[in-house]
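Structure file work28.json (JSON, C-alpha atoms and all ligand atoms) is printed below.
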```json
[["chain", "number", "residue", "atom", "x", "y", "z"],
["L", 29, "MET", "CA", 0.00, 0.00, 0.00],
["L", 30, "LYS", "CA", 1.22, 3.51, -0.83],
["L", 31, "GLY", "CA", 1.05, 6.13, 1.93],
["L", 32, "ILE", "CA", -1.64, 8.75, 2.01],
["L", 33, "ALA", "CA", -2.52, 11.50, -0.48],
["L", 34, "ILE", "CA", -3.52, 14.99, 0.67],
["L", 35, "VAL", "CA", -5.40, 17.22, -1.76],
["L", 36, "THR", "CA", -6.52, 20.81, -1.17],
["L", 37, "GLY", "CA", -9.26, 22.47, -3.20],
["L", 38, "ALA", "CA", -10.98, 19.10, -3.38],
["L", 39, "SER", "CA", -14.59, 20.30, -3.28],
["L", 40, "SER", "CA", -14.78, 21.37, -6.93],
["L", 41, "GLY", "CA", -13.07, 21.74, -10.29],
["L", 42, "ILE", "CA", -9.52, 20.50, -10.73],
["L", 43, "GLY", "CA", -9.17, 19.29, -7.11],
["L", 44, "GLU", "CA", -12.34, 17.20, -7.41],
["L", 45, "ALA", "CA", -11.00, 15.75, -10.68],
["L", 46, "PHE", "CA", -7.79, 14.76, -8.86],
["L", 47, "ILE", "CA", -9.87, 12.89, -6.24],
["L", 48, "LYS", "CA", -11.76, 10.98, -8.94],
["L", 49, "GLU", "CA", -8.43, 9.93, -10.45],
["L", 50, "LEU", "CA", -6.90, 9.05, -7.07],
["L", 51, "SER", "CA", -9.87, 6.94, -6.00],
["L", 52, "GLY", "CA", -8.49, 4.35, -8.44],
["L", 53, "SER", "CA", -5.07, 4.45, -6.79],
["L", 54, "ASP", "CA", -3.70, 2.35, -3.91],
["L", 55, "HIS", "CA", -3.21, 5.14, -1.36],
["L", 56, "GLU", "CA", -4.09, 4.11, 2.21],
["L", 57, "GLN", "CA", -6.13, 7.29, 2.69],
["L", 58, "ILE", "CA", -6.98, 10.37, 0.64],
["L", 59, "TRP", "CA", -7.47, 13.50, 2.74],
["L", 60, "ILE", "CA", -9.71, 15.89, 0.83],
["L", 61, "ILE", "CA", -9.50, 19.47, 2.08],
["L", 62, "ALA", "CA", -11.85, 22.41, 1.45],
["L", 63, "ARG", "CA", -14.37, 24.60, 3.32],
["L", 64, "ARG", "CA", -17.62, 23.21, 1.83],
["L", 65, "LYS", "CA", -18.39, 20.13, 3.94],
["L", 66, "ASP", "CA", -21.45, 19.15, 1.88],
["L", 67, "ARG", "CA", -19.41, 19.02, -1.33],
["L", 68, "LEU", "CA", -16.71, 16.88, 0.29],
["L", 69, "SER", "CA", -19.28, 14.46, 1.78],
["L", 70, "THR", "CA", -21.12, 14.18, -1.54],
["L", 71, "LEU", "CA", -17.88, 13.44, -3.36],
["L", 72, "LYS", "CA", -16.99, 10.73, -0.83],
["L", 73, "SER", "CA", -20.38, 9.01, -1.15],
["L", 74, "LEU", "CA", -20.40, 9.42, -4.94],
["L", 75, "LEU", "CA", -17.08, 7.60, -5.18],
["L", 76, "GLY", "CA", -18.06, 5.11, -2.44],
["L", 77, "ASP", "CA", -14.48, 5.03, -1.23],
["L", 78, "ASP", "CA", -13.91, 4.58, 2.52],
["L", 79, "ARG", "CA", -10.31, 5.69, 2.16],
["L", 80, "ILE", "CA", -11.49, 9.24, 1.41],
["L", 81, "ILE", "CA", -11.30, 11.40, 4.53],
["L", 82, "PRO", "CA", -13.02, 14.82, 4.29],
["L", 83, "VAL", "CA", -11.13, 17.53, 6.19],
["L", 84, "VAL", "CA", -13.15, 20.73, 6.45],
["L", 85, "ALA", "CA", -10.73, 23.63, 6.80],
["L", 86, "ASP", "CA", -10.39, 27.24, 5.73],
["L", 87, "LEU", "CA", -6.75, 27.40, 4.67],
["L", 88, "THR", "CA", -6.63, 31.19, 5.09],
["L", 89, "ALA", "CA", -7.57, 30.91, 8.78],
["L", 90, "ASP", "CA", -5.20, 29.96, 11.59],
["L", 91, "GLU", "CA", -7.76, 27.42, 12.86],
["L", 92, "GLY", "CA", -7.83, 25.69, 9.47],
["L", 93, "ILE", "CA", -4.06, 25.35, 9.33],
["L", 94, "CYS", "CA", -3.91, 24.24, 13.02],
["L", 95, "LEU", "CA", -6.55, 21.57, 12.38],
["L", 96, "ILE", "CA", -4.39, 20.00, 9.65],
["L", 97, "LYS", "CA", -1.19, 20.43, 11.70],
["L", 98, "ASP", "CA", -2.81, 18.66, 14.68],
["L", 99, "LYS", "CA", -4.15, 15.84, 12.48],
["L", 100, "LEU", "CA", -0.67, 15.28, 11.01],
["L", 101, "GLU", "CA", 0.98, 15.30, 14.46],
["L", 102, "ARG", "CA", -1.61, 12.95, 15.89],
["L", 103, "GLU", "CA", -1.69, 10.41, 13.05],
["L", 104, "LYS", "CA", 1.91, 10.74, 11.80],
["L", 105, "PRO", "CA", 0.95, 9.51, 8.32],
["L", 106, "ASP", "CA", 3.29, 8.55, 5.55],
["L", 107, "VAL", "CA", 2.50, 11.34, 3.05],
["L", 108, "ALA", "CA", 3.18, 9.94, -0.42],
["L", 109, "LEU", "CA", 1.48, 12.73, -2.35],
["L", 110, "LEU", "CA", 0.54, 16.33, -1.59],
["L", 111, "ILE", "CA", -1.51, 18.22, -4.16],
["L", 112, "ASN", "CA", -1.82, 21.94, -3.45],
["L", 113, "CYS", "CA", -4.78, 22.84, -5.63],
["L", 114, "ALA", "CA", -6.87, 25.33, -3.59],
["L", 115, "GLY", "CA", -6.77, 28.74, -5.20],
["L", 116, "MET", "CA", -8.74, 31.86, -6.00],
["L", 117, "GLY", "CA", -8.47, 34.90, -8.22],
["L", 118, "ILE", "CA", -10.37, 38.13, -8.77],
["L", 119, "ARG", "CA", -10.68, 39.47, -12.33],
["L", 120, "ARG", "CA", -10.75, 43.17, -11.56],
["L", 121, "ASP", "CA", -8.33, 46.08, -11.59],
["L", 122, "VAL", "CA", -6.51, 46.54, -8.28],
["L", 123, "ALA", "CA", -8.17, 49.94, -7.78],
["L", 124, "ASP", "CA", -11.59, 48.21, -7.82],
["L", 125, "THR", "CA", -10.66, 45.29, -5.53],
["L", 126, "SER", "CA", -11.17, 45.29, -1.76],
["L", 127, "ALA", "CA", -8.27, 44.83, 0.62],
["L", 128, "ASP", "CA", -9.88, 41.58, 1.85],
["L", 129, "LEU", "CA", -9.95, 40.06, -1.63],
["L", 130, "LEU", "CA", -6.39, 41.14, -2.45],
["L", 131, "ALA", "CA", -5.14, 39.72, 0.85],
["L", 132, "GLY", "CA", -7.30, 36.59, 0.47],
["L", 133, "THR", "CA", -5.73, 35.83, -2.91],
["L", 134, "VAL", "CA", -2.19, 36.07, -1.58],
["L", 135, "ASN", "CA", -3.05, 34.22, 1.65],
["L", 136, "LEU", "CA", -4.66, 31.26, -0.09],
["L", 137, "ASN", "CA", -2.49, 30.98, -3.22],
["L", 138, "CYS", "CA", 0.89, 31.71, -1.60],
["L", 139, "THR", "CA", 0.87, 31.65, 2.21],
["L", 140, "SER", "CA", -1.30, 28.61, 2.88],
["L", 141, "LEU", "CA", 0.35, 26.62, 0.07],
["L", 142, "SER", "CA", 3.78, 27.31, 1.55],
["L", 143, "ILE", "CA", 2.72, 26.58, 5.14],
["L", 144, "LEU", "CA", 0.91, 23.36, 4.27],
["L", 145, "THR", "CA", 3.89, 22.15, 2.26],
["L", 146, "GLY", "CA", 6.22, 22.85, 5.19],
["L", 147, "LEU", "CA", 3.85, 21.02, 7.57],
["L", 148, "CYS", "CA", 3.78, 17.92, 5.34],
["L", 149, "LEU", "CA", 7.52, 17.66, 4.64],
["L", 150, "PRO", "CA", 8.45, 15.85, 7.90],
["L", 151, "TYR", "CA", 5.98, 13.12, 6.90],
["L", 152, "MET", "CA", 7.29, 12.69, 3.34],
["L", 153, "HIS", "CA", 9.94, 10.20, 2.28],
["L", 154, "GLU", "CA", 12.00, 9.09, -0.70],
["L", 155, "GLY", "CA", 9.63, 8.68, -3.66],
["L", 156, "SER", "CA", 6.96, 11.08, -2.31],
["L", 157, "GLY", "CA", 5.70, 13.79, -4.63],
["L", 158, "ILE", "CA", 4.25, 17.29, -4.43],
["L", 159, "ILE", "CA", 2.04, 18.75, -7.16],
["L", 160, "ASN", "CA", 1.51, 22.50, -6.98],
["L", 161, "ILE", "CA", -1.20, 23.92, -9.22],
["L", 162, "ALA", "CA", 0.03, 27.28, -10.46],
["L", 163, "SER", "CA", -1.24, 28.80, -13.73],
["L", 164, "SER", "CA", 0.10, 30.11, -17.02],
["L", 165, "ALA", "CA", -0.99, 33.46, -15.54],
["L", 166, "GLY", "CA", 2.22, 33.17, -13.54],
["L", 167, "PHE", "CA", 4.42, 33.47, -16.65],
["L", 168, "LEU", "CA", 4.03, 37.25, -16.79],
["L", 169, "PRO", "CA", 2.07, 40.08, -15.15],
["L", 170, "GLN", "CA", -1.64, 40.34, -16.01],
["L", 171, "PRO", "CA", -3.43, 43.71, -15.85],
["L", 172, "GLY", "CA", -6.96, 43.11, -14.56],
["L", 173, "PHE", "CA", -5.75, 39.97, -12.76],
["L", 174, "ALA", "CA", -2.64, 41.40, -11.13],
["L", 175, "ALA", "CA", -2.65, 39.79, -7.68],
["L", 176, "TYR", "CA", -3.62, 36.39, -9.08],
["L", 177, "ALA", "CA", -0.88, 36.39, -11.75],
["L", 178, "ALA", "CA", 1.69, 37.56, -9.18],
["L", 179, "SER", "CA", 0.56, 34.86, -6.73],
["L", 180, "LYS", "CA", 0.98, 32.16, -9.38],
["L", 181, "ALA", "CA", 4.45, 33.51, -10.29],
["L", 182, "TYR", "CA", 5.21, 32.92, -6.60],
["L", 183, "VAL", "CA", 3.95, 29.32, -6.83],
["L", 184, "ILE", "CA", 6.18, 28.66, -9.86],
["L", 185, "SER", "CA", 9.25, 30.18, -8.19],
["L", 186, "PHE", "CA", 8.55, 28.45, -4.85],
["L", 187, "SER", "CA", 8.07, 25.06, -6.55],
["L", 188, "ARG", "CA", 11.29, 25.31, -8.59],
["L", 189, "ALA", "CA", 13.40, 26.17, -5.54],
["L", 190, "LEU", "CA", 11.67, 23.55, -3.37],
["L", 191, "GLY", "CA", 12.31, 20.90, -6.02],
["L", 192, "VAL", "CA", 16.05, 21.52, -5.79],
["L", 193, "GLU", "CA", 15.97, 21.60, -1.97],
["L", 194, "LEU", "CA", 14.21, 18.23, -1.89],
["L", 195, "SER", "CA", 16.19, 16.50, -4.63],
["L", 196, "SER", "CA", 18.63, 14.98, -2.10],
["L", 197, "ARG", "CA", 15.63, 13.43, -0.30],
["L", 198, "LYS", "CA", 14.32, 12.18, -3.69],
["L", 199, "ILE", "CA", 11.01, 13.96, -3.21],
["L", 200, "SER", "CA", 9.71, 15.37, -6.51],
["L", 201, "VAL", "CA", 7.98, 18.71, -6.95],
["L", 202, "THR", "CA", 5.83, 19.18, -10.06],
["L", 203, "CYS", "CA", 4.47, 22.63, -10.79],
["L", 204, "VAL", "CA", 1.49, 22.53, -13.17],
["L", 205, "THR", "CA", 0.61, 25.61, -15.21],
["L", 206, "PRO", "CA", -2.74, 25.27, -16.98],
["L", 207, "GLY", "CA", -4.48, 27.97, -18.98],
["L", 208, "PRO", "CA", -8.27, 28.33, -18.75],
["L", 209, "VAL", "CA", -10.02, 25.25, -17.31],
["L", 210, "ALA", "CA", -13.80, 24.62, -17.22],
["L", 211, "THR", "CA", -14.54, 24.92, -13.48],
["L", 212, "GLU", "CA", -16.32, 27.31, -11.09],
["L", 213, "PHE", "CA", -13.17, 29.43, -11.08],
["L", 214, "GLN", "CA", -14.22, 31.96, -13.75],
["L", 215, "SER", "CA", -17.62, 32.53, -12.18],
["L", 216, "LYS", "CA", -16.04, 33.14, -8.76],
["L", 217, "ALA", "CA", -13.32, 35.34, -10.29],
["L", 218, "THR", "CA", -15.92, 37.61, -11.88],
["L", 219, "GLY", "CA", -18.30, 37.68, -8.89],
["L", 220, "GLY", "CA", -20.78, 35.50, -10.82],
["L", 221, "GLU", "CA", -20.85, 37.86, -13.83],
["L", 222, "LYS", "CA", -19.32, 35.42, -16.31],
["L", 223, "THR", "CA", -19.58, 31.66, -15.98],
["L", 224, "ASP", "CA", -17.54, 31.00, -19.12],
["L", 225, "PHE", "CA", -14.25, 32.35, -20.40],
["L", 226, "THR", "CA", -14.45, 35.12, -22.99],
["L", 227, "GLY", "CA", -12.19, 36.46, -25.77],
["L", 228, "PHE", "CA", -9.41, 34.23, -27.04],
["L", 229, "ARG", "CA", -9.39, 32.28, -23.74],
["L", 230, "LYS", "CA", -12.66, 30.54, -24.61],
["L", 231, "LEU", "CA", -10.90, 28.89, -27.58],
["L", 232, "VAL", "CA", -8.44, 27.04, -25.36],
["L", 233, "VAL", "CA", -10.51, 25.92, -22.35],
["L", 234, "ALA", "CA", -9.29, 22.59, -20.93],
["L", 235, "SER", "CA", -11.18, 19.78, -19.19],
["L", 236, "PRO", "CA", -10.39, 19.41, -15.44],
["L", 237, "ASP", "CA", -10.53, 15.60, -15.70],
["L", 238, "LYS", "CA", -7.96, 15.44, -18.51],
["L", 239, "LEU", "CA", -5.77, 18.00, -16.75],
["L", 240, "ALA", "CA", -5.80, 16.04, -13.46],
["L", 241, "ALA", "CA", -4.96, 12.73, -15.16],
["L", 242, "ALA", "CA", -2.15, 14.32, -17.20],
["L", 243, "SER", "CA", -0.75, 16.12, -14.13],
["L", 244, "LEU", "CA", -0.55, 12.86, -12.17],
["L", 245, "ARG", "CA", 1.31, 11.25, -15.07],
["L", 246, "ALA", "CA", 3.68, 14.25, -15.21],
["L", 247, "ALA", "CA", 4.34, 13.90, -11.47],
["L", 248, "GLN", "CA", 5.04, 10.18, -11.87],
["L", 249, "ARG", "CA", 7.61, 11.13, -14.51],
["L", 250, "ARG", "CA", 8.99, 13.63, -11.94],
["L", 251, "ARG", "CA", 8.48, 16.58, -14.29],
["L", 252, "ARG", "CA", 9.49, 19.84, -12.60],
["L", 253, "LEU", "CA", 7.35, 22.23, -14.66],
["L", 254, "TYR", "CA", 4.35, 20.88, -16.54],
["L", 255, "VAL", "CA", 2.89, 23.44, -18.92],
["L", 256, "TYR", "CA", -0.51, 22.01, -19.87],
["L", 257, "GLY", "CA", -1.80, 22.50, -23.42],
["L", 258, "PHE", "CA", -0.23, 23.62, -26.68],
["L", 259, "SER", "CA", -1.52, 27.21, -26.43],
["L", 260, "GLN", "CA", -0.01, 27.58, -22.95],
["L", 261, "LYS", "CA", 3.32, 26.14, -24.17],
["L", 262, "LEU", "CA", 3.30, 28.87, -26.85],
["L", 263, "LEU", "CA", 2.58, 31.50, -24.19],
["L", 264, "HIS", "CA", 5.41, 30.09, -22.06],
["L", 265, "VAL", "CA", 7.88, 30.48, -24.91],
["L", 266, "ALA", "CA", 6.49, 33.91, -25.89],
["L", 267, "ALA", "CA", 6.85, 35.11, -22.29],
["L", 268, "LYS", "CA", 10.56, 34.31, -22.49],
["L", 269, "ILE", "CA", 11.26, 36.15, -25.76],
["L", 270, "VAL", "CA", 8.57, 38.81, -26.36],
["L", 271, "PRO", "CA", 8.62, 41.95, -24.18],
["L", 272, "HIS", "CA", 6.01, 41.43, -21.45],
["L", 273, "TYR", "CA", 4.58, 44.90, -22.02],
["L", 274, "TRP", "CA", 3.49, 43.90, -25.56],
["L", 275, "ILE", "CA", 1.84, 40.67, -24.41],
["L", 276, "MET", "CA", 0.05, 42.52, -21.61],
["L", 277, "LYS", "CA", -1.32, 45.02, -24.13],
["L", 278, "ILE", "CA", -2.59, 42.18, -26.39],
["L", 279, "GLU", "CA", -4.12, 40.36, -23.40],
["L", 280, "ARG", "CA", -5.86, 43.53, -22.19],
["L", 281, "PHE", "CA", -7.28, 44.00, -25.69],
["L", 282, "GLY", "CA", -8.48, 40.36, -25.99],
["L", 283, "LYS", "CA", -10.12, 39.98, -22.58],
["L", 301, "LIG", "N1", -9.99, 27.13, -13.74],
["L", 301, "LIG", "C1", -8.98, 27.74, -14.34],
["L", 301, "LIG", "O1", -9.15, 28.35, -15.40],
["L", 301, "LIG", "C2", -7.61, 27.64, -13.76],
["L", 301, "LIG", "C3", -6.51, 27.89, -14.60],
["L", 301, "LIG", "C4", -5.22, 27.80, -14.09],
["L", 301, "LIG", "C5", -5.03, 27.47, -12.77],
["L", 301, "LIG", "N2", -6.12, 27.25, -11.96],
["L", 301, "LIG", "C6", -5.86, 26.92, -10.57],
["L", 301, "LIG", "O2", -6.40, 25.65, -10.29],
["L", 301, "LIG", "C7", -6.69, 25.55, -8.91],
["L", 301, "LIG", "C8", -8.09, 24.97, -8.74],
["L", 301, "LIG", "O3", -9.02, 25.89, -9.28],
["L", 301, "LIG", "P1", -10.37, 25.42, -9.98],
["L", 301, "LIG", "O4", -10.33, 25.89, -11.36],
["L", 301, "LIG", "O5", -10.62, 24.00, -9.72],
["L", 301, "LIG", "O6", -11.41, 26.37, -9.22],
["L", 301, "LIG", "P2", -12.56, 26.04, -8.18],
["L", 301, "LIG", "O7", -13.51, 25.04, -8.76],
["L", 301, "LIG", "O8", -13.08, 27.37, -7.78],
["L", 301, "LIG", "O9", -11.81, 25.36, -6.96],
["L", 301, "LIG", "C9", -11.17, 26.09, -5.96],
["L", 301, "LIG", "C10", -11.00, 25.18, -4.78],
["L", 301, "LIG", "O10", -10.29, 25.91, -3.75],
["L", 301, "LIG", "C11", -10.99, 25.75, -2.53],
["L", 301, "LIG", "N3", -10.82, 26.91, -1.66],
["L", 301, "LIG", "C12", -11.08, 28.20, -1.98],
["L", 301, "LIG", "N4", -10.85, 28.99, -0.93],
["L", 301, "LIG", "C13", -10.44, 28.17, 0.08],
["L", 301, "LIG", "C14", -10.06, 28.40, 1.44],
["L", 301, "LIG", "N5", -10.04, 29.64, 1.98],
["L", 301, "LIG", "N6", -9.71, 27.33, 2.20],
["L", 301, "LIG", "C15", -9.72, 26.08, 1.67],
["L", 301, "LIG", "N7", -10.06, 25.81, 0.40],
["L", 301, "LIG", "C16", -10.42, 26.85, -0.39],
["L", 301, "LIG", "C17", -12.45, 25.62, -2.94],
["L", 301, "LIG", "O11", -13.21, 24.93, -1.94],
["L", 301, "LIG", "P3", -14.22, 25.62, -0.90],
["L", 301, "LIG", "O12", -14.83, 26.81, -1.56],
["L", 301, "LIG", "O13", -15.19, 24.53, -0.62],
["L", 301, "LIG", "O14", -13.37, 25.97, 0.27],
["L", 301, "LIG", "C18", -12.34, 24.76, -4.18],
["L", 301, "LIG", "O15", -12.29, 23.40, -3.82],
["L", 301, "LIG", "C19", -6.52, 26.95, -8.33],
["L", 301, "LIG", "O16", -5.28, 27.03, -7.68],
["L", 301, "LIG", "C20", -6.53, 27.84, -9.56],
["L", 301, "LIG", "O17", -5.80, 29.02, -9.37],
["L", 301, "LIG", "C21", -7.39, 27.31, -12.42]]
```
As a first step, turn the structure in this file into structure tokens.
Ligand SMILES: NC(=O)c1ccc[n+]([C@@H]2O[C@H](COP(=O)([O-])OP(=O)(O)OC[C@H]3O[C@@H](n4cnc5c(N)ncnc54)[C@H](OP(=O)(O)O)[C@@H]3O)[C@@H](O)[C@H]2O)c1
Amino acid sequence: MKGIAIVTGASSGIGEAFIKELSGSDHEQIWIIARRKDRLSTLKSLLGDDRIIPVVADLTADEGICLIKDKLEREKPDVALLINCAGMGIRRDVADTSADLLAGTVNLNCTSLSILTGLCLPYMHEGSGIINIASSAGFLPQPGFAAYAASKAYVISFSRALGVELSSRKISVTCVTPGPVATEFQSKATGGEKTDFTGFRKLVVASPDKLAAASLRAAQRRRRLYVYGFSQKLLHVAAKIVPHYWIMKIERFGK
């Protein structure tokens, strides 16, 4: 039996897709973390898998982090896989975004991801893996999505450095950078205004199920950076050679 898997953001979208994939794996337990208890319970009964353990926690609150820390200290599990998938973004100019939402984005996408990773490391061993869900938004700044893009640039940078730190322990770190994915994310990011992606983004929307399956395969191959989808690979290359200011202008125009 493999050790346990821990997945954040498990109540919807990409995180939920990871759980569906993992329910066919041989992990001893799968801890599924999010705030919406009903969603986690429904997912567990839908999959009919007793190894799934719902953990209701707000990762931006001290109590949420303490709850997971205490559970780890109490149960001392063998953590074979950590998937940091919880995330949020607000599609609005900074001037129109509240302090709470700006702080919430950074707290969830950067702070809680870093803290949770640090909490899990003592329980990881040779062969364990970490998957951090960043975004192609992290390749360059994004006007109208500034805090989110900056937070995902943090996730990419953090993952790359962590991967080198953990290489001597033979723990792999795979940073996944998808473009638009069909989940609740866009609706939440626009305060319910738009449920679907618009502009050129709607042409390249990915399926969460395919993304989750491909990301797990990439982690098994110990890929360090997994840029998902041809269009995002193009953006990745463009972000290295085209002045960011030009791309930002095109993006602003095509939103
Ligand atoms: N969809 C896209 O286009 C896209 C593209 C690139 C990258 N991503 C990234 O993919 C990841 C998953 O997003 P998604 O598309 O699957 O969106 P989603 O359906 O909105 O999922 C977000 C998940 O994060 C959890 N979450 C939010 N705030 C939380 C908090 N304070 N504490 C604990 N959990 C919290 C949510 O659960 P609760 O609300 O139940 O807590 C939910 O399970 C995110 O990191 C996102 O940035 C998404």
Got a sec: who's within 7 Å of Ala240 of chain L, counting all atoms listed in the file, leaving out chain neighbours fewer than 5 positions off, as a ChimeraX atom specification? /L:42,45-46
Could you state the separation of atom C4 of ligand LIG 301 (chain L) and atom CA of Val204 of chain L in Å, given to one decimal place?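 Going from atom C4 of ligand LIG 301 (chain L) over to atom CA of Val204 of chain L covers 8.6 Å.
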List all protein, DNA and RNA residues that have at least one atom no more than 7 Å from any atom of ligand LIG 301 (chain L), counting all atoms listed in the file, and write them as an MDAnalysis selection string. chainID L and resid 36:43 61:64 67 85:88 113:117 136:137 161:164 205:214 216
With distances taken over all atoms listed in the file, which residue among L:Leu190, L:Leu149, L:Ala175, L:Ala108 lies nearest Val134 of chain L?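 The answer is L:Ala175, which sits nearest to Val134 of chain L.
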Pairwise distance for atom CA of Tyr182 of chain L and atom CA of Leu253 of chain L, rounded to one decimal in Å: 13.6 Å
Between L:Thr145, L:Asn135, L:Ser69, L:Ser259, which residue has the minimum interatomic distance to Val201 of chain L, considering only C-alpha atoms?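 Closest residue, counting only C-alpha atoms: L:Thr145.
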If you measure from atom CA of Ile34 of chain L to atom CA of Ala189 of chain L, what distance in Å do you get, rounded to one decimal?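 Distance between the two atoms: 21.2 Å.
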Pick out the residues sitting within 8 Å of segment 97-106 of chain L, and hand them over as a list in words; count all atoms listed in the file, and ignore anything fewer than 5 positions along from it in its own chain.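 Here the answer would be Gly31, Ile32, Leu147, Cys148, Tyr151, Met152 and His153 of chain L.
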So that I can see what lies close to Phe167 of chain L, please list as a PyMOL selection string the residues with an atom at most 10 Å from it, counting all atoms listed in the file and leaving out residues fewer than 5 positions away in the same chain. chain L and resi 162+177-178+180-181+184+205+260+263-268+272
Write to file, as a PDB file, in the frame of the given file, the residues of the selection just made, with C-alpha atoms.
```pdb
ATOM      1  CA  ALA L 162       0.030  27.280 -10.460  1.00  0.00           C
ATOM      2  CA  ALA L 177      -0.880  36.390 -11.750  1.00  0.00           C
ATOM      3  CA  ALA L 178       1.690  37.560  -9.180  1.00  0.00           C
ATOM      4  CA  LYS L 180       0.980  32.160  -9.380  1.00  0.00           C
ATOM      5  CA  ALA L 181       4.450  33.510 -10.290  1.00  0.00           C
ATOM      6  CA  ILE L 184       6.180  28.660  -9.860  1.00  0.00           C
ATOM      7  CA  THR L 205       0.610  25.610 -15.210  1.00  0.00           C
ATOM      8  CA  GLN L 260      -0.010  27.580 -22.950  1.00  0.00           C
ATOM      9  CA  LEU L 263       2.580  31.500 -24.190  1.00  0.00           C
ATOM     10  CA  HIS L 264       5.410  30.090 -22.060  1.00  0.00           C
ATOM     11  CA  VAL L 265       7.880  30.480 -24.910  1.00  0.00           C
ATOM     12  CA  ALA L 266       6.490  33.910 -25.890  1.00  0.00           C
ATOM     13  CA  ALA L 267       6.850  35.110 -22.290  1.00  0.00           C
ATOM     14  CA  LYS L 268      10.560  34.310 -22.490  1.00  0.00           C
ATOM     15  CA  HIS L 272       6.010  41.430 -21.450  1.00  0.00           C
TER      16      HIS L 272
END
```
Nearest residue to Leu50 of chain L out of L:Leu129, L:Ala33, L:Ala123, L:Ala246, using all atoms listed in the file?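 Once distances to Leu50 of chain L are computed over all atoms listed in the file, the minimum belongs to L:Ala33.
Distances to Arg188 of chain L were evaluated for L:Pro171, L:Tyr254, L:Ala241, L:Lys277 using only C-alpha atoms, and the minimum falls at L:Tyr254.
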